[in-house]
Amino acid sequence: MDDVLLDVQNLKTHLPLEEGLLKAVDGISFAIRRGETIGLVGESGCGKSMAVRSIMRLAPNFADISGRVIYHPQEGDPVDIVRLDAHGERIRDIRGGEIAMIFQEPMTSFSPLHTIGNQITEAIRVHRTQDRKEARKIAIDLLGRVGMSNPSQRMSEHPHQLSGGMRQRAMIAMALSCEPSLLIADEPTTALDVTVQAQVLQLMRDLQDEFGMSILYITHDLGVIARMVQHVAVMYLGKIVEFTDVDSLFYQAKHPYTSALIKSIPKIGKKSRRRLESIQGAVPVPINRPPGCGFFPRCSVAIPGLCDRVDPPLVQVAPGHAAACYVYPEVAEAANVSELEGQGNGTR
Amino acid sequence: MERDDVILRVKSLKKYFPIEKGLLRRTVGHVKAVDDVSFEISKGEVLGLVGESGCGKTTLGRCILRAIDPTSGQVILRTHEDDTVDITRLDKKQLRALRKEMQLVFQDPFSSLSPRMTVLDIIGEPLWAQGVRGKALESQVKELASLVGLNTGHLNRYPNAFSGGQRQRIGIARALATNPNLIVADEPVSALDVSIQAQILNLLQDLQEKLGLTYLFIAHDLSVVEHIADRVAVMYVGKIIELAETEKLYLTPQHPYTEALLSAVPKPDPRLQEAQIILSGEVANPADPPSGCYFHPRCKYAEDRCKQETPALREVLPGHYVSCHFAEELELEGVSL
Amino acid sequence: MSTRSTVAELASPAELHYEILSQQQLIWRKFKRHRVAYFCMIFLVLFYVLAIFAEFFAPYGPFKRYTDYLYAPPTPIHFIDENGAFNLRPFVYKISSELDLNTFQRTYVEDTSEKYFLQFFTKGEPYRLLGFIDTDIHLFGVVEPGVFFPSGTDGLGRDLFSRMLLGARTSLFVGLMGLAVGFALGLFFGGLSGYYGGGIDMLIQRLIEFLQSLPTLPLWMALAALVPPEWTPIQVYFGISLVLAIVGWTGLARVVRGKLISLREEDYVLAAKLSGLSERAIITRHLLPGFLSYLIVHLTLAIPHMILGETALSFLGLGIQPPAVSLGTLLQDSQNVQTVTINPWLLLPGGLVVVIVIAFNFLGDGLRDAADPYKHL
């Protein structure tokens, strides 16, 4: 397992709120290899954004983070990001330098006061080179590579002068400016129109071929997942309920939530006035949640007395395919033998 | 395009927003949000209206409901009494009387429900406006609530006690309250979670079949529109550029923009990831549109003629309307199955 | 980062409040959590009660002069007598004055030979409670010839505590009166401006800007000078309220206009319009309830301005005139630095103004935090 870049082990992010304990991320484990693209898919409130914020140590200060996030740099010893000082120098080095992040709304990550050029060169000078001229050259080159026309002129523009798609490109340029080994993309195309989304997705694929970084792709859009990633982790209520390669996910989904979700979305080119197979109920909030499988109240194959009592662990149920559901004997077995161990196993 | 069961006939509808500048607010130009749009919807039909943000689809929907006043054109609605009324010519009082014939389902299930009113009052508001009060109002609201799958025991609760999907049901119940001839649904599922979208789509479809409703279904998501619509109109910079039966439009599009739009939709199937048509550039600025065909700067088939002549929306195949000079010559690809 | 702000980021509001509460109930619950504001509200309610029944709570009448006790300091209350014996009932000693022949200043000393116990419901000067109940019972006092001045006396030998209670009544209610008028003006012009927009809006906004650009104090003074000198204290009282309102309505008009404009853009107001509701029904069902909570907050924060305005005007001799009592007229006595250094208790009315104003501000803050619907729990 030499090529592992980021190893997330039993990561938990609990937020003590006035209403009770919000288990935003509740024991997730997965690994990202060098050059690999992983998708983290789930509906709003499933904890996917909080998970990456915890990995980047950008979670709120009062959040209670536990578990391990082992980062293996190109050179030097592995670091456990969870143990680092959230405001220290090492995490700031990693953040933006070795692990970069792009967000849904680029306006929030650019300062409206400075030009695009200033902000990108600034990032380059912090992480890569002290030389102002060289940094500027790198920045112009990057803007050209993310497909912005007339990059040297774009350098002197302010973020609000760019359209949504162009801003997203500028943010990708900034994220790539330090040649990160991992790019975390949090719903980067959700706010964009379909034709612009297609442009940006294509750009990200091309850039990955060119730079060879790993990408952790967070989205709620199964279409984007199918297009962009190799492996997928499906999250529901703070837990990973299924982990597999993208083809198995769409053709041999193991978890009832995943298969129901895939069936519930209308597919283009399959015109039918047939009803969609919908999932009943609504996504609950993970505050003071009772034990047992989070999907239990909405599940069509739930086993009362088991599913609503013990959390199903994520266990390998087929080669390279892990699911957290008691319909698979492996899961029941793992839960009986040792509940705690089961949590971290399946994914690796 | 004459048909006798037409519920809504829109004729050369225009909405220009003035661009004002300076201290004296001089009008220096116009944003042509809706620019000469015509179409019809028959009774019991679902017309899908798709387009990217800023294409004018929401403005069009609002103009049809006279939520905003159109600049010019006609919106002719058939009422329950079988009269045809041009909504653009009504005064305030006449318009209020006609409100019961057409309703809107909103995109945002949060801002569209007053936080200060109980669900009973919210759903009952259109009835209240018609003068229905007391027990009659309550029993009708109960009926509506069970029709959309809400628990009738929860009607005295406030919207903040409901989830997004349930709130959207409340909004749909309100829209159904006066048994309208036309329902404009403006992105009714795009603010909802993926697993909830299917519930609401099914509900809208069931209601349509049960009550014979007519929808103008506005959305940016082509898969959702394909699922629910009988015919689809594609808008680009204020104009309808293609209109056809859903299946024909999706399988054999006649306009290069429709082709690119269909190709750009990420398909939730890893085995169907063929090369996409990636359009260059971005949607034209409706305040300063390009000459000729608005799509020509992004169109890979564009020729000199496209830069000069604005193509008209014409019927190239029975029931299939396109505004492209070369619709007959081009061999465009639709959605592959 | 507080837990409050993050909840909104983490989940949508509907998912968080499961209770079946109306907006008002939610506001009230949030308000009660704001301890300081809640305390201030209780304090202000009590104080208004105190002011309404000022004559009953005051041991003396406001104009009753004790010529033997000019500039007498607050009377000390004792529990332990000169022999060191403990009394459960508090008492005061007889006060006798001596004139210092070198400085010609009067000093007051306690004469321990006579003591007077504090009593509840003593008979004293007759008065008319609430303007129609004739009585002479005061909540507390001492039997004549003993005297008890909790906050000392002024230069004419009048009990400052009693005068403060009565003065506070004037000041507190001038504030409310001014507010009522200002509220009507602000609601009217703000409503006009926000509802119709266009030219009317433009005109009213420019008028408001003009009024706001004038320095407040000279404007008050100019307007107060218009109050005819032959008016009775009651008329002056209303006159001053009006002056305060004319200067103070602009802020409220702005709030009303801004809120109306933003509410008109709300989807649910459009829904009401599309439901066929009349303009009047939209205003009464949606717009007014929509900004009522904001109005209450704004009003709470406006009261102290009114009180300060009255105090300032009366202090300068332009507002309420003696013999009528207000906190401002009481402070006129403290205009002379020398008098204040020798008789510091004359500043007590000023302290009272500060306390009242602070209490109103905290209350307003608490209400604003609670009423803001964009800040969830």
# chains A, B, ... in the order shown; residues from 1 in each chain; ligands from 1
>>> residues_around(residues="Gly317 of chain C", least_positions_apart="4", cutoff="10 Å", atoms="only C-alpha atoms", output="list in words")
Met221, Ala224, Thr311, Ala312, Leu313, Gln321, Pro322, Gly328, Thr329 and Gln332 of chain C
>>> interface_residues(of="chain A", to="chain B", cutoff="8 Å", atoms="only C-alpha atoms", output="PDB file with N, CA and C atoms, in the first residue's frame")
ATOM      1  N   GLU A  43     -26.783  13.153  -0.065  1.00  0.00           N
ATOM      2  CA  GLU A  43     -27.722  14.274  -0.116  1.00  0.00           C
ATOM      3  C   GLU A  43     -27.316  15.331   0.898  1.00  0.00           C
ATOM      4  N   SER A  44     -28.017  16.471   0.865  1.00  0.00           N
ATOM      5  CA  SER A  44     -27.645  17.546   1.783  1.00  0.00           C
ATOM      6  C   SER A  44     -27.811  17.068   3.221  1.00  0.00           C
ATOM      7  N   ASP A 193     -24.412  26.296 -15.088  1.00  0.00           N
ATOM      8  CA  ASP A 193     -25.337  25.767 -16.080  1.00  0.00           C
ATOM      9  C   ASP A 193     -24.762  24.511 -16.723  1.00  0.00           C
ATOM     10  N   VAL A 194     -25.648  23.693 -17.322  1.00  0.00           N
ATOM     11  CA  VAL A 194     -25.178  22.413 -17.884  1.00  0.00           C
ATOM     12  C   VAL A 194     -24.048  22.568 -18.886  1.00  0.00           C
ATOM     13  N   THR A 195     -24.159  23.517 -19.804  1.00  0.00           N
ATOM     14  CA  THR A 195     -23.111  23.600 -20.832  1.00  0.00           C
ATOM     15  C   THR A 195     -21.791  24.050 -20.221  1.00  0.00           C
ATOM     16  N   VAL A 196     -21.874  24.942 -19.225  1.00  0.00           N
ATOM     17  CA  VAL A 196     -20.648  25.393 -18.554  1.00  0.00           C
ATOM     18  C   VAL A 196     -20.118  24.284 -17.648  1.00  0.00           C
ATOM     19  N   GLN A 197     -21.031  23.560 -17.012  1.00  0.00           N
ATOM     20  CA  GLN A 197     -20.628  22.421 -16.186  1.00  0.00           C
ATOM     21  C   GLN A 197     -19.839  21.426 -17.035  1.00  0.00           C
ATOM     22  N   ALA A 198     -20.341  21.160 -18.237  1.00  0.00           N
ATOM     23  CA  ALA A 198     -19.636  20.224 -19.121  1.00  0.00           C
ATOM     24  C   ALA A 198     -18.227  20.726 -19.411  1.00  0.00           C
ATOM     25  N   GLN A 199     -18.097  22.038 -19.628  1.00  0.00           N
ATOM     26  CA  GLN A 199     -16.765  22.614 -19.868  1.00  0.00           C
ATOM     27  C   GLN A 199     -15.847  22.381 -18.678  1.00  0.00           C
ATOM     28  N   HIS A 220     -23.690  15.791  -4.988  1.00  0.00           N
ATOM     29  CA  HIS A 220     -24.937  15.061  -4.783  1.00  0.00           C
ATOM     30  C   HIS A 220     -25.431  14.508  -6.125  1.00  0.00           C
ATOM     31  N   LEU A 222     -25.400  12.237  -9.200  1.00  0.00           N
ATOM     32  CA  LEU A 222     -24.890  10.934  -9.621  1.00  0.00           C
ATOM     33  C   LEU A 222     -24.365  10.975 -11.055  1.00  0.00           C
ATOM     34  N   GLY A 223     -24.885  11.904 -11.862  1.00  0.00           N
ATOM     35  CA  GLY A 223     -24.387  12.053 -13.225  1.00  0.00           C
ATOM     36  C   GLY A 223     -22.933  12.497 -13.225  1.00  0.00           C
ATOM     37  N   VAL A 224     -22.610  13.429 -12.365  1.00  0.00           N
ATOM     38  CA  VAL A 224     -21.232  13.911 -12.262  1.00  0.00           C
ATOM     39  C   VAL A 224     -20.329  12.789 -11.763  1.00  0.00           C
ATOM     40  N   ILE A 225     -20.833  12.022 -10.794  1.00  0.00           N
ATOM     41  CA  ILE A 225     -20.065  10.884 -10.262  1.00  0.00           C
ATOM     42  C   ILE A 225     -19.728   9.904 -11.388  1.00  0.00           C
ATOM     43  N   ALA A 226     -20.763   9.558 -12.158  1.00  0.00           N
ATOM     44  CA  ALA A 226     -20.555   8.576 -13.218  1.00  0.00           C
ATOM     45  C   ALA A 226     -19.524   9.056 -14.226  1.00  0.00           C
ATOM     46  N   ARG A 227     -19.467  10.369 -14.431  1.00  0.00           N
ATOM     47  CA  ARG A 227     -18.565  10.905 -15.435  1.00  0.00           C
ATOM     48  C   ARG A 227     -17.146  11.059 -14.907  1.00  0.00           C
ATOM     49  N   VAL A 246     -16.965   2.704  -9.604  1.00  0.00           N
ATOM     50  CA  VAL A 246     -18.127   3.413 -10.109  1.00  0.00           C
ATOM     51  C   VAL A 246     -19.041   2.503 -10.929  1.00  0.00           C
ATOM     52  N   ASP A 247     -18.490   1.565 -11.653  1.00  0.00           N
ATOM     53  CA  ASP A 247     -19.327   0.688 -12.466  1.00  0.00           C
ATOM     54  C   ASP A 247     -20.207  -0.206 -11.593  1.00  0.00           C
ATOM     55  N   PHE A 250     -23.260   1.663 -10.096  1.00  0.00           N
ATOM     56  CA  PHE A 250     -24.438   1.892 -10.916  1.00  0.00           C
ATOM     57  C   PHE A 250     -25.076   0.596 -11.400  1.00  0.00           C
ATOM     58  N   LEU A 261     -31.688   5.177  -4.528  1.00  0.00           N
ATOM     59  CA  LEU A 261     -31.331   6.511  -5.014  1.00  0.00           C
ATOM     60  C   LEU A 261     -31.126   6.482  -6.524  1.00  0.00           C
ATOM     61  N   SER A 264     -34.334   6.269  -8.295  1.00  0.00           N
ATOM     62  CA  SER A 264     -35.262   7.389  -8.136  1.00  0.00           C
ATOM     63  C   SER A 264     -34.958   8.565  -9.057  1.00  0.00           C
ATOM     64  N   ILE A 265     -33.779   8.581  -9.690  1.00  0.00           N
ATOM     65  CA  ILE A 265     -33.493   9.750 -10.528  1.00  0.00           C
ATOM     66  C   ILE A 265     -33.956   9.501 -11.962  1.00  0.00           C
ATOM     67  N   PRO A 266     -34.614  10.505 -12.556  1.00  0.00           N
ATOM     68  CA  PRO A 266     -35.021  10.336 -13.949  1.00  0.00           C
ATOM     69  C   PRO A 266     -33.782  10.303 -14.847  1.00  0.00           C
ATOM     70  N   LYS A 267     -33.775   9.360 -15.795  1.00  0.00           N
ATOM     71  CA  LYS A 267     -32.605   9.249 -16.662  1.00  0.00           C
ATOM     72  C   LYS A 267     -32.936   9.795 -18.033  1.00  0.00           C
ATOM     73  N   ILE A 268     -32.035  10.583 -18.559  1.00  0.00           N
ATOM     74  CA  ILE A 268     -32.293  11.207 -19.851  1.00  0.00           C
ATOM     75  C   ILE A 268     -32.258  10.141 -20.948  1.00  0.00           C
ATOM     76  N   GLY A 269     -33.134  10.294 -21.939  1.00  0.00           N
ATOM     77  CA  GLY A 269     -33.169   9.336 -23.041  1.00  0.00           C
ATOM     78  C   GLY A 269     -34.017   8.119 -22.739  1.00  0.00           C
ATOM     79  N   LYS A 270     -34.613   8.072 -21.559  1.00  0.00           N
ATOM     80  CA  LYS A 270     -35.468   6.935 -21.229  1.00  0.00           C
ATOM     81  C   LYS A 270     -36.868   7.445 -20.968  1.00  0.00           C
ATOM     82  N   LYS A 271     -37.411   8.140 -21.945  1.00  0.00           N
ATOM     83  CA  LYS A 271     -38.708   8.754 -21.797  1.00  0.00           C
ATOM     84  C   LYS A 271     -39.761   7.728 -21.425  1.00  0.00           C
ATOM     85  N   SER A 272     -40.409   7.964 -20.295  1.00  0.00           N
ATOM     86  CA  SER A 272     -41.526   7.103 -19.927  1.00  0.00           C
ATOM     87  C   SER A 272     -42.377   7.881 -18.957  1.00  0.00           C
ATOM     88  N   ARG A 273     -43.660   7.695 -19.044  1.00  0.00           N
ATOM     89  CA  ARG A 273     -44.538   8.377 -18.101  1.00  0.00           C
ATOM     90  C   ARG A 273     -44.714   7.519 -16.858  1.00  0.00           C
ATOM     91  N   ARG A 275     -44.084   5.965 -13.264  1.00  0.00           N
ATOM     92  CA  ARG A 275     -43.684   6.609 -12.005  1.00  0.00           C
ATOM     93  C   ARG A 275     -42.227   6.293 -11.695  1.00  0.00           C
ATOM     94  N   LEU A 276     -41.588   7.251 -11.048  1.00  0.00           N
ATOM     95  CA  LEU A 276     -40.236   6.981 -10.563  1.00  0.00           C
ATOM     96  C   LEU A 276     -40.350   6.181  -9.273  1.00  0.00           C
ATOM     97  N   GLU A 277     -39.363   5.357  -9.018  1.00  0.00           N
ATOM     98  CA  GLU A 277     -39.369   4.653  -7.739  1.00  0.00           C
ATOM     99  C   GLU A 277     -38.777   5.580  -6.692  1.00  0.00           C
ATOM    100  N   SER A 278     -39.619   6.148  -5.878  1.00  0.00           N
ATOM    101  CA  SER A 278     -39.113   7.151  -4.933  1.00  0.00           C
ATOM    102  C   SER A 278     -38.812   6.500  -3.591  1.00  0.00           C
ATOM    103  N   ILE A 279     -37.970   7.189  -2.836  1.00  0.00           N
ATOM    104  CA  ILE A 279     -37.680   6.742  -1.469  1.00  0.00           C
ATOM    105  C   ILE A 279     -38.652   7.475  -0.562  1.00  0.00           C
ATOM    106  N   GLN A 280     -39.353   6.732   0.280  1.00  0.00           N
ATOM    107  CA  GLN A 280     -40.324   7.386   1.148  1.00  0.00           C
ATOM    108  C   GLN A 280     -39.621   8.181   2.250  1.00  0.00           C
ATOM    109  N   ALA A 282     -38.273  11.519   4.645  1.00  0.00           N
ATOM    110  CA  ALA A 282     -37.290  12.574   4.429  1.00  0.00           C
ATOM    111  C   ALA A 282     -35.998  12.223   5.143  1.00  0.00           C
TER     112      ALA A 282
END
>>> interface_residues(of="chain A", to="chain C", cutoff="8 Å", atoms="only C-alpha atoms", output="list of chain:residue names")
A:Pro16, A:Leu17, A:Glu18, A:Gly45, A:Pro60, A:Asn61, A:Phe62, A:Pro284, A:Val285
>>> write_last_selection(atoms="N, CA and C atoms", output="CSV table (one decimal), in the first residue's frame")
chain,number,residue,atom,x,y,z
A,16,PRO,N,-21.3,19.7,19.3
A,16,PRO,CA,-22.2,19.9,20.4
A,16,PRO,C,-23.0,21.2,20.2
A,17,LEU,N,-24.3,21.0,19.9
A,17,LEU,CA,-25.2,22.1,19.7
A,17,LEU,C,-26.2,22.3,20.8
A,18,GLU,N,-26.9,23.4,20.8
A,18,GLU,CA,-27.9,23.6,21.8
A,18,GLU,C,-29.0,22.5,21.8
A,45,GLY,N,-26.8,17.4,4.1
A,45,GLY,CA,-26.9,17.0,5.5
A,45,GLY,C,-26.3,15.7,5.7
A,60,PRO,N,-15.6,23.9,12.3
A,60,PRO,CA,-15.8,24.9,13.3
A,60,PRO,C,-14.9,24.6,14.5
A,61,ASN,N,-14.5,25.6,15.3
A,61,ASN,CA,-13.6,25.4,16.4
A,61,ASN,C,-14.1,24.5,17.5
A,62,PHE,N,-15.4,24.6,17.7
A,62,PHE,CA,-16.0,23.8,18.8
A,62,PHE,C,-16.3,22.3,18.4
A,284,PRO,N,-33.5,12.4,7.8
A,284,PRO,CA,-33.5,12.9,9.2
A,284,PRO,C,-32.2,13.7,9.5
A,285,VAL,N,-32.3,14.5,10.6
A,285,VAL,CA,-31.1,15.2,11.0
A,285,VAL,C,-30.4,14.4,12.0
>>> residues_around(residues="Cys325 of chain A", least_positions_apart="4", cutoff="7 Å", atoms="only C-alpha atoms", output="PDB file with N, CA and C atoms, in the first residue's frame")
ATOM      1  N   HIS A 255     -26.150  -1.561  -1.297  1.00  0.00           N
ATOM      2  CA  HIS A 255     -26.915  -0.993  -0.188  1.00  0.00           C
ATOM      3  C   HIS A 255     -28.292  -0.545  -0.681  1.00  0.00           C
ATOM      4  N   PRO A 312     -25.076  -1.080  11.500  1.00  0.00           N
ATOM      5  CA  PRO A 312     -24.382  -2.053  10.657  1.00  0.00           C
ATOM      6  C   PRO A 312     -22.993  -1.533  10.275  1.00  0.00           C
ATOM      7  N   VAL A 331     -21.966  -8.801   7.023  1.00  0.00           N
ATOM      8  CA  VAL A 331     -22.141  -7.628   7.876  1.00  0.00           C
ATOM      9  C   VAL A 331     -22.649  -8.042   9.244  1.00  0.00           C
TER      10      VAL A 331
END
>>> closest_atom_pairs(of="chain B", to="chain C", cutoff="7 Å", atoms="only C-alpha atoms", output="JSON lines")
{"residue": "B:Arg96", "atom": "CA", "partner": "C:Gly276", "partner_atom": "CA", "distance": 4.7}
{"residue": "B:Ala97", "atom": "CA", "partner": "C:Gly276", "partner_atom": "CA", "distance": 6.8}
{"residue": "B:Arg99", "atom": "CA", "partner": "C:Gly276", "partner_atom": "CA", "distance": 5.2}
{"residue": "B:Lys100", "atom": "CA", "partner": "C:Ser275", "partner_atom": "CA", "distance": 6.7}
{"residue": "B:Gln103", "atom": "CA", "partner": "C:Leu274", "partner_atom": "CA", "distance": 6.7}
{"residue": "B:Ser111", "atom": "CA", "partner": "C:Asp267", "partner_atom": "CA", "distance": 5.6}
{"residue": "B:Ser112", "atom": "CA", "partner": "C:Tyr268", "partner_atom": "CA", "distance": 4.2}
{"residue": "B:Leu113", "atom": "CA", "partner": "C:Tyr268", "partner_atom": "CA", "distance": 5.2}
{"residue": "B:Ser114", "atom": "CA", "partner": "C:Tyr268", "partner_atom": "CA", "distance": 5.6}
{"residue": "B:Pro115", "atom": "CA", "partner": "C:Gln23", "partner_atom": "CA", "distance": 6.7}
{"residue": "B:Arg116", "atom": "CA", "partner": "C:Gln23", "partner_atom": "CA", "distance": 5.8}
{"residue": "B:Glu125", "atom": "CA", "partner": "C:Ser275", "partner_atom": "CA", "distance": 6.8}
{"residue": "B:Pro126", "atom": "CA", "partner": "C:Ser275", "partner_atom": "CA", "distance": 4.5}
{"residue": "B:Ala129", "atom": "CA", "partner": "C:Leu277", "partner_atom": "CA", "distance": 5.1}
{"residue": "B:Arg157", "atom": "CA", "partner": "C:Ile20", "partner_atom": "CA", "distance": 5.6}
{"residue": "B:Tyr158", "atom": "CA", "partner": "C:Ser22", "partner_atom": "CA", "distance": 6.1}
{"residue": "B:Asn160", "atom": "CA", "partner": "C:Ala14", "partner_atom": "CA", "distance": 4.7}
{"residue": "B:Ala161", "atom": "CA", "partner": "C:Tyr18", "partner_atom": "CA", "distance": 5.2}
{"residue": "B:Phe162", "atom": "CA", "partner": "C:Ala14", "partner_atom": "CA", "distance": 5.7}
{"residue": "B:Ser163", "atom": "CA", "partner": "C:Ala14", "partner_atom": "CA", "distance": 5.5}
>>> residues_around(residues="Met174 of chain A", least_positions_apart="2", cutoff="9 Å", atoms="only C-alpha atoms", output="JSON, numbers by chain")
{"A": [96, 100, 102, 116, 119, 120, 121, 123, 124, 139, 142, 143, 169, 170, 171, 172, 176, 177, 178]}
>>> write_last_selection(atoms="N, CA and C atoms", output="PDB file, in the first residue's frame")
ATOM      1  N   GLY A  96      -3.631  24.101   0.733  1.00  0.00           N
ATOM      2  CA  GLY A  96      -3.263  25.055  -0.319  1.00  0.00           C
ATOM      3  C   GLY A  96      -1.985  24.680  -1.005  1.00  0.00           C
ATOM      4  N   ALA A 100      -5.231  20.955  -2.113  1.00  0.00           N
ATOM      5  CA  ALA A 100      -5.928  22.193  -2.465  1.00  0.00           C
ATOM      6  C   ALA A 100      -7.417  21.905  -2.522  1.00  0.00           C
ATOM      7  N   ILE A 102     -11.392  23.324  -3.961  1.00  0.00           N
ATOM      8  CA  ILE A 102     -12.244  24.270  -4.686  1.00  0.00           C
ATOM      9  C   ILE A 102     -13.684  24.087  -4.219  1.00  0.00           C
ATOM     10  N   ILE A 116      -7.641  38.949  -9.621  1.00  0.00           N
ATOM     11  CA  ILE A 116      -7.412  37.516  -9.750  1.00  0.00           C
ATOM     12  C   ILE A 116      -5.904  37.232  -9.761  1.00  0.00           C
ATOM     13  N   GLN A 119      -4.166  37.471  -6.405  1.00  0.00           N
ATOM     14  CA  GLN A 119      -4.491  36.396  -5.477  1.00  0.00           C
ATOM     15  C   GLN A 119      -3.794  35.102  -5.874  1.00  0.00           C
ATOM     16  N   ILE A 120      -3.698  34.859  -7.173  1.00  0.00           N
ATOM     17  CA  ILE A 120      -3.025  33.621  -7.589  1.00  0.00           C
ATOM     18  C   ILE A 120      -1.516  33.731  -7.352  1.00  0.00           C
ATOM     19  N   THR A 121      -0.921  34.860  -7.708  1.00  0.00           N
ATOM     20  CA  THR A 121       0.526  35.009  -7.484  1.00  0.00           C
ATOM     21  C   THR A 121       0.850  34.946  -5.991  1.00  0.00           C
ATOM     22  N   ALA A 123      -0.707  33.180  -3.754  1.00  0.00           N
ATOM     23  CA  ALA A 123      -0.701  31.763  -3.368  1.00  0.00           C
ATOM     24  C   ALA A 123       0.582  31.085  -3.837  1.00  0.00           C
ATOM     25  N   ILE A 124       1.011  31.408  -5.054  1.00  0.00           N
ATOM     26  CA  ILE A 124       2.228  30.790  -5.578  1.00  0.00           C
ATOM     27  C   ILE A 124       3.435  31.210  -4.741  1.00  0.00           C
ATOM     28  N   ALA A 139       1.413  32.081 -12.983  1.00  0.00           N
ATOM     29  CA  ALA A 139      -0.014  32.379 -12.885  1.00  0.00           C
ATOM     30  C   ALA A 139      -0.640  32.551 -14.266  1.00  0.00           C
ATOM     31  N   LEU A 142      -0.964  29.290 -15.943  1.00  0.00           N
ATOM     32  CA  LEU A 142      -2.059  28.487 -15.391  1.00  0.00           C
ATOM     33  C   LEU A 142      -3.406  28.934 -15.913  1.00  0.00           C
ATOM     34  N   LEU A 143      -3.614  30.262 -15.939  1.00  0.00           N
ATOM     35  CA  LEU A 143      -4.893  30.780 -16.417  1.00  0.00           C
ATOM     36  C   LEU A 143      -5.130  30.352 -17.859  1.00  0.00           C
ATOM     37  N   ARG A 169     -13.045  28.560 -13.195  1.00  0.00           N
ATOM     38  CA  ARG A 169     -11.758  28.262 -13.825  1.00  0.00           C
ATOM     39  C   ARG A 169     -10.619  28.946 -13.085  1.00  0.00           C
ATOM     40  N   ALA A 170     -10.854  30.203 -12.696  1.00  0.00           N
ATOM     41  CA  ALA A 170      -9.797  30.928 -11.975  1.00  0.00           C
ATOM     42  C   ALA A 170      -9.504  30.243 -10.642  1.00  0.00           C
ATOM     43  N   MET A 171     -10.564  29.747  -9.999  1.00  0.00           N
ATOM     44  CA  MET A 171     -10.331  29.083  -8.725  1.00  0.00           C
ATOM     45  C   MET A 171      -9.560  27.781  -8.930  1.00  0.00           C
ATOM     46  N   ILE A 172      -9.893  27.076 -10.005  1.00  0.00           N
ATOM     47  CA  ILE A 172      -9.138  25.848 -10.285  1.00  0.00           C
ATOM     48  C   ILE A 172      -7.673  26.198 -10.543  1.00  0.00           C
ATOM     49  N   LEU A 176      -4.537  24.808  -8.439  1.00  0.00           N
ATOM     50  CA  LEU A 176      -3.475  24.028  -9.070  1.00  0.00           C
ATOM     51  C   LEU A 176      -2.128  24.730  -9.015  1.00  0.00           C
ATOM     52  N   SER A 177      -2.139  25.997  -8.588  1.00  0.00           N
ATOM     53  CA  SER A 177      -0.932  26.816  -8.687  1.00  0.00           C
ATOM     54  C   SER A 177       0.234  26.193  -7.927  1.00  0.00           C
ATOM     55  N   CYS A 178      -0.047  25.413  -6.900  1.00  0.00           N
ATOM     56  CA  CYS A 178       1.053  24.857  -6.122  1.00  0.00           C
ATOM     57  C   CYS A 178       1.242  23.383  -6.400  1.00  0.00           C
TER      58      CYS A 178
END
>>> select_by_dssp(residues="segment 21-223 of chain B", states="alpha helix (DSSP H)", output="VMD selection string")
chain B and resid 57 to 64 92 to 98 119 to 129 134 to 147 164 to 176 194 to 211 222 to 223
>>> select_by_dssp(residues="segment 44-156 of chain B", states="strand (DSSP E or B)", output="list in words")
Val46, Leu47, Gly48, Leu49, Val50, Ser72, Gly73, Gln74, Val75, Ile76, Leu77, Arg78, Thr84, Val85, Asp86, Met102, Gln103, Leu104 and Val105 of chain B
>>> write_last_selection(atoms="C-alpha atoms", output="mmCIF file, in the first residue's frame")
data_model
loop_
_atom_site.group_PDB
_atom_site.id
_atom_site.type_symbol
_atom_site.label_atom_id
_atom_site.label_comp_id
_atom_site.auth_asym_id
_atom_site.auth_seq_id
_atom_site.Cartn_x
_atom_site.Cartn_y
_atom_site.Cartn_z
ATOM 1 C CA VAL B 46 -47.456 19.281 -19.900
ATOM 2 C CA LEU B 47 -45.229 21.702 -21.754
ATOM 3 C CA GLY B 48 -41.663 21.662 -20.533
ATOM 4 C CA LEU B 49 -39.648 24.867 -20.789
ATOM 5 C CA VAL B 50 -35.904 24.379 -20.523
ATOM 6 C CA SER B 72 -46.156 43.597 -25.407
ATOM 7 C CA GLY B 73 -47.854 40.546 -26.813
ATOM 8 C CA GLN B 74 -50.875 38.476 -25.897
ATOM 9 C CA VAL B 75 -51.503 35.778 -23.303
ATOM 10 C CA ILE B 76 -54.855 34.207 -24.030
ATOM 11 C CA LEU B 77 -56.262 31.898 -21.394
ATOM 12 C CA ARG B 78 -59.358 29.734 -21.649
ATOM 13 C CA THR B 84 -60.973 33.224 -23.850
ATOM 14 C CA VAL B 85 -59.398 36.144 -22.082
ATOM 15 C CA ASP B 86 -56.300 38.124 -22.998
ATOM 16 C CA MET B 102 -53.931 30.013 -13.030
ATOM 17 C CA GLN B 103 -51.490 29.253 -10.263
ATOM 18 C CA LEU B 104 -47.769 29.063 -9.622
ATOM 19 C CA VAL B 105 -45.706 26.390 -7.884
#
